[in-house]
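A.B. asks: Below: one structure in structure tokens.
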Amino acid sequence: MPTAADDPTLLLTQELIRRPSVSPEDQGCLQVIAGRLEAVGFHIERMPFGPVENLWARHGTQRPLLCFAGHTDVVPTGPREEWATDPFQPVVRDGVLYGRGAADMKSGLAAMITATERFVTNHPHHKGTIAFLLTSDEEGPSVDGTRRVMEVLEARNEKIDYCVVGEPSSTDTLGDIIKIGRRGSLSGKLTVHGVQGHVAYPHLADNPVHAVAPALAELAARTWDKGNEFFQPTTFQISNIIAGTGAPNVVPGELKLRFNIRFSTEQTVEKLQQTIAEILNRHKVNYTLEWFVSGLPFFTAPGELSKAVVQAIQEKVRRAPQLSTTGGTSDGRFIAPTGAQVVELGVINASIHKVNENVRVDDVVALSGMYERVMELMLAR
Ligand SMILES: [Zn+2]
């Protein structure tokens with residue numbers, strides 16, 4: 001099936017890519033989107049916080065509320081000379097669209113918009129509410145984006161019942177994987193205190209590298225849990241370690257180390273913190289430890305929304321998707337805790353955050369059809 005170069009979803013994706021919205025910049029993307037939604041009867045609210053642009057838009061006043069969520073920001077291009085074409089000048093070659101944000105996730109945004117335009121035109125008196133929650137800070141610190149908008153909505157008692165996140169969830173073919181949750185992410189900044197000295201007089205020093213090494217070996221080898229039906233096992237990774245003065249004859253006085261834990265619903269933050277403290281204490285490490293929780297694990301048990309998404313995919317590509325919780329965290333972590341069912345469905349993620357980021361044009365068009373079908377299944381009368 002040939003795809004026309006003037007397909008509305010392709011054109012809108014290209015228009016958004018031309019705006020170099022490197023996080024937390026929005027570069028007018030939300031203005032373009034607001035204009036499109038307003039034209040089909042949406043009520044638009046802009047919610048800027050600090051440098052971050054956010055948009056909350058709704059069509060309807062009743063529940064259930066079905067929300068599309070996503071972000072306009074993109075990660076930096078990396079070395080421009082490694083790109084075959086200008087990352088902010090979208091180019092279609094052999095049925096593939098290239099540009100920063102092509103997959104993560106300007107094509108997803110465009111697909112939501114065009115799907116919604118068709119749906120509200122065909123079903124002006126649909127059930128419930130269709131909403132959009134969009135931000136320009138998903139790739140950055142994610143403090144003034146979805147998290148803040150959710151706080152405003154919670155304070156107003158405005159509830160999201162179903163949320164489709166347009167993040168690129170697919171792996172090999174469009175719709176082969178949808179995400180129904182994500183692992184949690186817990187980071188630690190460990191400082192091991194020792195006593196600096198001459199390597200020839202170790203009894204006058206206290207080497208923090210030696211002190212922490214057995215504990216690290218245990219942490220690195222540990223089986224934290226076996227995961228469960230929907231989650232991979234919890235993993236621990238050291239991301240940085242530094243000690244020493246640079247001189248070969250000096251015992252360092254201090255060691256600094258960073259680690260990250262991606263954890264399943266078998267764990268809690270408190271349980272992980274206790275386990276790590278227990279191991280460090282048992283090895284008599286003298287340390288201080290700072291924690292940072294970047295996301296709790298979330299999970300949507302298979303229900304109405306995932307059923308509709310699976311059916312929409314099956315109808316469009318004749319394949320059943322796998323329901324997964326793998327990959328990094330997403331803004332779904334701010335939406336799911338309010339009780340919303342959250343499902344992520346988007347294009348293939350093989351090229352995201354890389355040079356020559358790209359998406360198949362046919363997939364962009366098909367994704368719009370899937371989103372439209374989800375609205376029909378959930379909200380058509
Ligand atoms: Zn993304």
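By convention here, the chains of the structure tokens are called A, B, ... in the order presented, each chain's residues are numbered starting at 1, and ligands are numbered starting at 1 in the order presented.
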Write out as a VMD selection string each polymer residue (protein, DNA or RNA) that has an atom no more than 12 Å from ligand 1, with only C-alpha atoms and all ligand atoms counted.
C.D. replies: chain A and resid 23 69 to 75 100 to 109 134 to 140 142 165 to 169 327 to 332 344 to 349 351 to 353
A.B. asks: Find the nearest atom pair between each residue of segment 115-174 of chain A and segment 354-378 of chain A for residues within 7 Å, count only C-alpha atoms, give distances in Å to one decimal, sort rows by chain and ascending number, and present the table as CSV.
C.D. replies:
residue,atom,partner,partner_atom,distance
A:Ala115,CA,A:Glu372,CA,4.7
A:Thr116,CA,A:Glu372,CA,6.5
A:Phe119,CA,A:Glu372,CA,6.2
A:Leu174,CA,A:Asp363,CA,6.3
A.B. asks: To one decimal in Å, tell me the separation between atom CA of Ser324 of chain A and atom CA of Gln232 of chain A.
C.D. replies: 9.3 Å
A.B. asks: I'd like the interatomic distance between atom CA of Met112 of chain A and atom CA of Leu296 of chain A, to a tenth of an Å.
C.D. replies: 26.7 Å
A.B. asks: Would you mind telling me which residue in A:Gln62, A:Asn240, A:Ser185, A:Thr223 lies nearest to Phe259 of chain A when using only C-alpha atoms?
C.D. replies: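 With only C-alpha atoms as the atom set, the closest residue is A:Asn240.
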A.B. asks: For atom CA of Leu379 of chain A and atom CA of Lys127 of chain A, quote the distance in Å rounded to one decimal.
C.D. replies: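 Value for the atom CA of Leu379 of chain A-atom CA of Lys127 of chain A distance: 4.8 Å.
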A.B. asks: Within 8 Å of Pro90 of chain A, counting only C-alpha atoms, which residues show up once you throw out same-chain ones fewer than 6 positions away? Write them as a list of chain:residue names, please.
C.D. replies: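 Near neighbours after the sequence-gap exclusion: A:Gln14, A:Ile17, A:Arg18, A:Leu97, A:Tyr98, A:Gly99.
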A.B. asks: Calculated over only C-alpha atoms, which of the candidates A:Leu133, A:Val317, A:Leu66, A:Ala155 has the smallest distance to Glu304 of chain A?
C.D. replies: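 With only C-alpha atoms as the atom set, the closest residue is A:Leu66.
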A.B. asks: Using only C-alpha atoms, can you tell me which of A:Glu117, A:Leu204, A:Val212, A:Glu229 comes closest to Gly35 of chain A?
C.D. replies: A:Glu117
A.B. asks: Give me every strand (DSSP E or B) residue in segment 123-158 of chain A, going by DSSP on the backbone, as a list in words.
C.D. replies: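 DSSP on the backbone gives strand (DSSP E or B) at Thr129, Ile130, Ala131, Phe132, Leu133, Leu134 and Thr135 of chain A.
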A.B. asks: Take the residues from that selection and write them out as a short mmCIF file (atom, residue, chain, number, x, y, z; two decimals), in the first residue's frame, keeping all heavy atoms.
C.D. replies:
data_model
loop_
_atom_site.label_atom_id
_atom_site.label_comp_id
_atom_site.auth_asym_id
_atom_site.auth_seq_id
_atom_site.Cartn_x
_atom_site.Cartn_y
_atom_site.Cartn_z
N THR A 129 -14.87 11.78 27.68
CA THR A 129 -14.01 12.91 27.32
C THR A 129 -12.74 12.39 26.67
O THR A 129 -12.19 11.37 27.10
CB THR A 129 -13.64 13.70 28.60
OG1 THR A 129 -14.84 14.24 29.16
CG2 THR A 129 -12.67 14.83 28.29
N ILE A 130 -12.28 13.11 25.65
CA ILE A 130 -10.94 12.86 25.12
C ILE A 130 -10.06 14.00 25.62
O ILE A 130 -10.45 15.17 25.56
CB ILE A 130 -10.93 12.87 23.58
CG1 ILE A 130 -11.93 11.86 23.04
CG2 ILE A 130 -9.52 12.56 23.06
CD1 ILE A 130 -12.18 12.04 21.56
N ALA A 131 -8.88 13.67 26.12
CA ALA A 131 -7.99 14.71 26.65
C ALA A 131 -6.57 14.50 26.12
O ALA A 131 -6.21 13.41 25.66
CB ALA A 131 -8.00 14.67 28.17
N PHE A 132 -5.78 15.58 26.18
CA PHE A 132 -4.35 15.53 25.85
C PHE A 132 -3.56 16.10 27.01
O PHE A 132 -3.89 17.18 27.52
CB PHE A 132 -4.04 16.34 24.58
CG PHE A 132 -4.37 15.60 23.32
CD1 PHE A 132 -5.67 15.49 22.88
CD2 PHE A 132 -3.35 14.99 22.58
CE1 PHE A 132 -5.98 14.80 21.73
CE2 PHE A 132 -3.65 14.29 21.42
CZ PHE A 132 -4.96 14.18 20.99
N LEU A 133 -2.53 15.37 27.43
CA LEU A 133 -1.59 15.88 28.43
C LEU A 133 -0.21 15.84 27.80
O LEU A 133 0.39 14.77 27.66
CB LEU A 133 -1.63 15.01 29.70
CG LEU A 133 -1.03 15.59 30.99
CD1 LEU A 133 -1.20 14.62 32.14
CD2 LEU A 133 0.40 16.00 30.88
N LEU A 134 0.28 17.02 27.40
CA LEU A 134 1.55 17.09 26.67
C LEU A 134 2.51 18.02 27.39
O LEU A 134 2.11 19.02 27.99
CB LEU A 134 1.30 17.59 25.24
CG LEU A 134 0.26 16.81 24.43
CD1 LEU A 134 0.07 17.43 23.06
CD2 LEU A 134 0.64 15.34 24.30
N THR A 135 3.79 17.70 27.30
CA THR A 135 4.81 18.48 28.00
C THR A 135 6.05 18.64 27.14
O THR A 135 6.27 17.85 26.21
CB THR A 135 5.20 17.80 29.34
OG1 THR A 135 6.19 18.59 29.99
CG2 THR A 135 5.78 16.40 29.10
#
A.B. asks: Could you name the residues that touch His193 of chain A at 12 Å or less, counting only C-alpha atoms, but leaving out those on the same chain fewer than 6 positions away, as a compact mmCIF listing (two decimals) with N, CA and C atoms, in the first residue's frame?
C.D. replies:
# COMPACT_ATOMS: atom_id res chain seq x y z
N ALA A 205 47.10 4.18 57.17
CA ALA A 205 46.01 4.68 56.31
C ALA A 205 44.81 3.74 56.43
N ASP A 206 43.71 4.14 55.80
CA ASP A 206 42.53 3.27 55.76
C ASP A 206 42.00 3.36 54.33
N ASN A 207 42.20 2.30 53.57
CA ASN A 207 41.92 2.35 52.13
C ASN A 207 40.43 2.10 51.83
N PRO A 208 39.70 3.13 51.37
CA PRO A 208 38.27 2.97 51.12
C PRO A 208 37.98 2.02 49.97
N VAL A 209 38.94 1.87 49.02
CA VAL A 209 38.73 0.94 47.90
C VAL A 209 38.70 -0.49 48.43
N HIS A 210 39.67 -0.80 49.28
CA HIS A 210 39.70 -2.13 49.88
C HIS A 210 38.49 -2.38 50.76
N ALA A 211 38.07 -1.32 51.45
CA ALA A 211 36.96 -1.48 52.40
C ALA A 211 35.66 -1.82 51.68
N VAL A 212 35.45 -1.18 50.52
CA VAL A 212 34.14 -1.35 49.88
C VAL A 212 34.12 -2.51 48.88
N ALA A 243 38.20 7.24 42.87
CA ALA A 243 38.97 7.37 44.11
C ALA A 243 40.41 7.69 43.71
N VAL A 251 47.48 6.18 49.16
CA VAL A 251 46.21 5.52 49.48
C VAL A 251 45.13 6.60 49.50
N PRO A 252 44.06 6.43 48.70
CA PRO A 252 43.04 7.49 48.67
C PRO A 252 42.32 7.61 50.02
N GLY A 253 41.88 8.83 50.31
CA GLY A 253 41.15 9.05 51.56
C GLY A 253 39.66 8.86 51.39
N GLU A 254 39.20 8.77 50.15
CA GLU A 254 37.75 8.74 49.93
C GLU A 254 37.45 8.05 48.60
N LEU A 255 36.31 7.42 48.52
CA LEU A 255 35.86 6.81 47.26
C LEU A 255 34.42 7.26 47.03
N LYS A 256 34.14 7.65 45.78
CA LYS A 256 32.77 8.04 45.44
C LYS A 256 32.24 7.11 44.36
N LEU A 257 31.01 6.71 44.52
CA LEU A 257 30.44 5.71 43.63
C LEU A 257 28.96 6.03 43.39
N LYS A 284 31.44 -3.69 57.22
CA LYS A 284 32.07 -2.65 58.04
C LYS A 284 32.60 -1.48 57.21
N VAL A 285 31.82 -1.09 56.22
CA VAL A 285 32.18 0.06 55.38
C VAL A 285 31.76 1.34 56.12
N ASN A 286 32.67 2.31 56.16
CA ASN A 286 32.35 3.62 56.74
C ASN A 286 31.88 4.54 55.61
N TYR A 287 30.59 4.83 55.58
CA TYR A 287 30.05 5.49 54.38
C TYR A 287 28.97 6.49 54.71
N THR A 288 28.69 7.35 53.73
CA THR A 288 27.44 8.10 53.70
C THR A 288 26.78 7.82 52.36
N LEU A 289 25.46 7.89 52.34
CA LEU A 289 24.73 7.46 51.15
C LEU A 289 23.55 8.39 50.92
A.B. asks: With only C-alpha atoms as the counted atoms, please give the residues lying no more than 8 Å from segment 273-281 of chain A, apart from itself and same-chain residues fewer than 6 positions off, as a PyMOL selection string.
C.D. replies: chain A and resi 212+215+218-219
A.B. asks: Can you pull out every residue within 10 Å of Thr234 of chain A, counting only C-alpha atoms, but drop anything in the same chain fewer than 6 positions away, and send it as a VMD selection string?
C.D. replies: chain A and resid 183 to 185 222 to 227 261 to 267
A.B. asks: Would you save the residues of that selection, restricted to all heavy atoms, as a compact mmCIF listing (two decimals), in the first residue's frame?
C.D. replies:
# COMPACT_ATOMS: atom_id res chain seq x y z
N ARG A 183 9.46 -0.58 35.17
CA ARG A 183 10.17 -0.80 36.42
C ARG A 183 10.43 0.53 37.12
O ARG A 183 10.45 1.59 36.49
CB ARG A 183 11.50 -1.48 36.13
CG ARG A 183 11.34 -2.94 35.75
CD ARG A 183 12.67 -3.58 35.45
NE ARG A 183 13.29 -2.97 34.29
CZ ARG A 183 14.53 -3.24 33.88
NH1 ARG A 183 15.27 -4.08 34.55
NH2 ARG A 183 15.02 -2.65 32.81
N GLY A 184 10.68 0.48 38.41
CA GLY A 184 11.08 1.66 39.16
C GLY A 184 12.56 1.92 38.97
O GLY A 184 13.31 1.05 38.51
N SER A 185 12.98 3.14 39.31
CA SER A 185 14.39 3.51 39.19
C SER A 185 14.83 4.22 40.46
O SER A 185 14.26 5.23 40.85
CB SER A 185 14.55 4.42 37.97
OG SER A 185 15.88 4.92 37.91
N ARG A 222 24.46 -10.18 43.46
CA ARG A 222 23.23 -10.54 44.16
C ARG A 222 22.04 -10.80 43.21
O ARG A 222 21.86 -10.09 42.23
CB ARG A 222 22.86 -9.38 45.09
CG ARG A 222 21.68 -9.65 45.96
CD ARG A 222 21.35 -8.44 46.84
NE ARG A 222 20.09 -8.66 47.50
CZ ARG A 222 19.96 -9.39 48.60
NH1 ARG A 222 21.01 -9.90 49.19
NH2 ARG A 222 18.77 -9.59 49.13
N THR A 223 21.24 -11.80 43.52
CA THR A 223 19.93 -11.97 42.88
C THR A 223 18.92 -11.27 43.78
O THR A 223 18.69 -11.69 44.91
CB THR A 223 19.57 -13.47 42.76
OG1 THR A 223 20.59 -14.11 41.99
CG2 THR A 223 18.23 -13.65 42.08
N TRP A 224 18.36 -10.19 43.29
CA TRP A 224 17.47 -9.36 44.13
C TRP A 224 16.09 -9.97 44.24
O TRP A 224 15.46 -9.92 45.29
CB TRP A 224 17.40 -7.94 43.58
CG TRP A 224 18.74 -7.28 43.59
CD1 TRP A 224 19.75 -7.44 42.69
CD2 TRP A 224 19.25 -6.40 44.59
NE1 TRP A 224 20.85 -6.70 43.06
CE2 TRP A 224 20.57 -6.05 44.23
CE3 TRP A 224 18.72 -5.86 45.77
CZ2 TRP A 224 21.36 -5.20 44.99
CZ3 TRP A 224 19.50 -5.01 46.53
CH2 TRP A 224 20.82 -4.69 46.14
N ASP A 225 15.62 -10.47 43.11
CA ASP A 225 14.34 -11.19 43.07
C ASP A 225 14.28 -11.87 41.72
O ASP A 225 15.17 -11.70 40.89
CB ASP A 225 13.14 -10.24 43.30
CG ASP A 225 13.13 -9.08 42.33
OD1 ASP A 225 13.13 -9.32 41.11
OD2 ASP A 225 13.13 -7.92 42.78
N LYS A 226 13.22 -12.63 41.49
CA LYS A 226 13.10 -13.34 40.21
C LYS A 226 12.12 -12.62 39.29
O LYS A 226 11.72 -13.17 38.25
CB LYS A 226 12.63 -14.77 40.47
CG LYS A 226 13.66 -15.61 41.24
CD LYS A 226 13.29 -17.07 41.23
CE LYS A 226 14.41 -17.95 41.76
NZ LYS A 226 14.77 -17.63 43.18
N GLY A 227 11.72 -11.39 39.67
CA GLY A 227 10.69 -10.72 38.88
C GLY A 227 9.36 -11.42 39.08
O GLY A 227 9.18 -12.16 40.06
N ILE A 261 19.40 1.18 40.50
CA ILE A 261 18.64 -0.06 40.60
C ILE A 261 17.35 0.10 39.80
O ILE A 261 16.62 1.07 39.99
CB ILE A 261 18.30 -0.38 42.07
CG1 ILE A 261 19.59 -0.49 42.88
CG2 ILE A 261 17.49 -1.66 42.18
CD1 ILE A 261 19.36 -0.57 44.37
N ARG A 262 17.10 -0.81 38.86
CA ARG A 262 15.82 -0.87 38.17
C ARG A 262 15.04 -1.99 38.82
O ARG A 262 15.49 -3.15 38.81
CB ARG A 262 16.03 -1.12 36.68
CG ARG A 262 16.72 0.04 35.97
CD ARG A 262 15.90 1.30 36.09
NE ARG A 262 16.68 2.50 35.83
CZ ARG A 262 16.53 3.27 34.76
NH1 ARG A 262 15.64 2.97 33.85
NH2 ARG A 262 17.26 4.36 34.63
N PHE A 263 13.92 -1.64 39.43
CA PHE A 263 13.28 -2.65 40.27
C PHE A 263 11.84 -2.96 39.90
O PHE A 263 11.10 -2.12 39.40
CB PHE A 263 13.39 -2.28 41.75
CG PHE A 263 12.78 -0.97 42.14
CD1 PHE A 263 11.57 -0.94 42.82
CD2 PHE A 263 13.41 0.24 41.87
CE1 PHE A 263 10.99 0.27 43.23
CE2 PHE A 263 12.85 1.45 42.26
CZ PHE A 263 11.65 1.46 42.93
N SER A 264 11.50 -4.20 40.13
CA SER A 264 10.18 -4.72 39.81
C SER A 264 9.22 -4.43 40.95
O SER A 264 9.61 -3.88 41.99
CB SER A 264 10.27 -6.24 39.62
OG SER A 264 10.46 -6.87 40.87
N THR A 265 7.97 -4.81 40.77
CA THR A 265 6.97 -4.63 41.83
C THR A 265 7.19 -5.62 42.98
O THR A 265 6.46 -5.59 43.96
CB THR A 265 5.55 -4.81 41.26
OG1 THR A 265 5.53 -5.98 40.43
CG2 THR A 265 5.13 -3.62 40.43
N GLU A 266 8.21 -6.49 42.87
CA GLU A 266 8.56 -7.37 43.98
C GLU A 266 9.32 -6.61 45.08
O GLU A 266 9.56 -7.14 46.16
CB GLU A 266 9.45 -8.53 43.50
CG GLU A 266 8.78 -9.44 42.49
CD GLU A 266 7.61 -10.19 43.08
OE1 GLU A 266 7.81 -10.94 44.04
OE2 GLU A 266 6.47 -10.00 42.59
N GLN A 267 9.78 -5.39 44.76
CA GLN A 267 10.59 -4.60 45.70
C GLN A 267 9.87 -3.32 46.10
O GLN A 267 8.96 -2.88 45.40
CB GLN A 267 11.92 -4.19 45.05
CG GLN A 267 12.78 -5.34 44.60
CD GLN A 267 13.45 -6.05 45.76
OE1 GLN A 267 13.51 -5.53 46.88
NE2 GLN A 267 13.98 -7.23 45.50
A.B. asks: Which is closest to Phe42 of chain A among A:Ala217, A:Leu10, A:Leu65, A:Val120, if we use only C-alpha atoms?
C.D. replies: A:Val120
A.B. asks: Write out as a ChimeraX atom specification all residues of segment 70-278 of chain A that DSSP puts in helix (DSSP H, G or I) for this structure's backbone.
C.D. replies: /A:80-82,102-122,146-155,202-204,208-221,269-278
A.B. asks: Point out the residue among A:Lys179, A:Gly244, A:Val293, A:Val152 with the least atom-to-atom distance to Gly197 of chain A, counting only C-alpha atoms.
C.D. replies: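 Among the listed residues, A:Gly244 lies closest to Gly197 of chain A.
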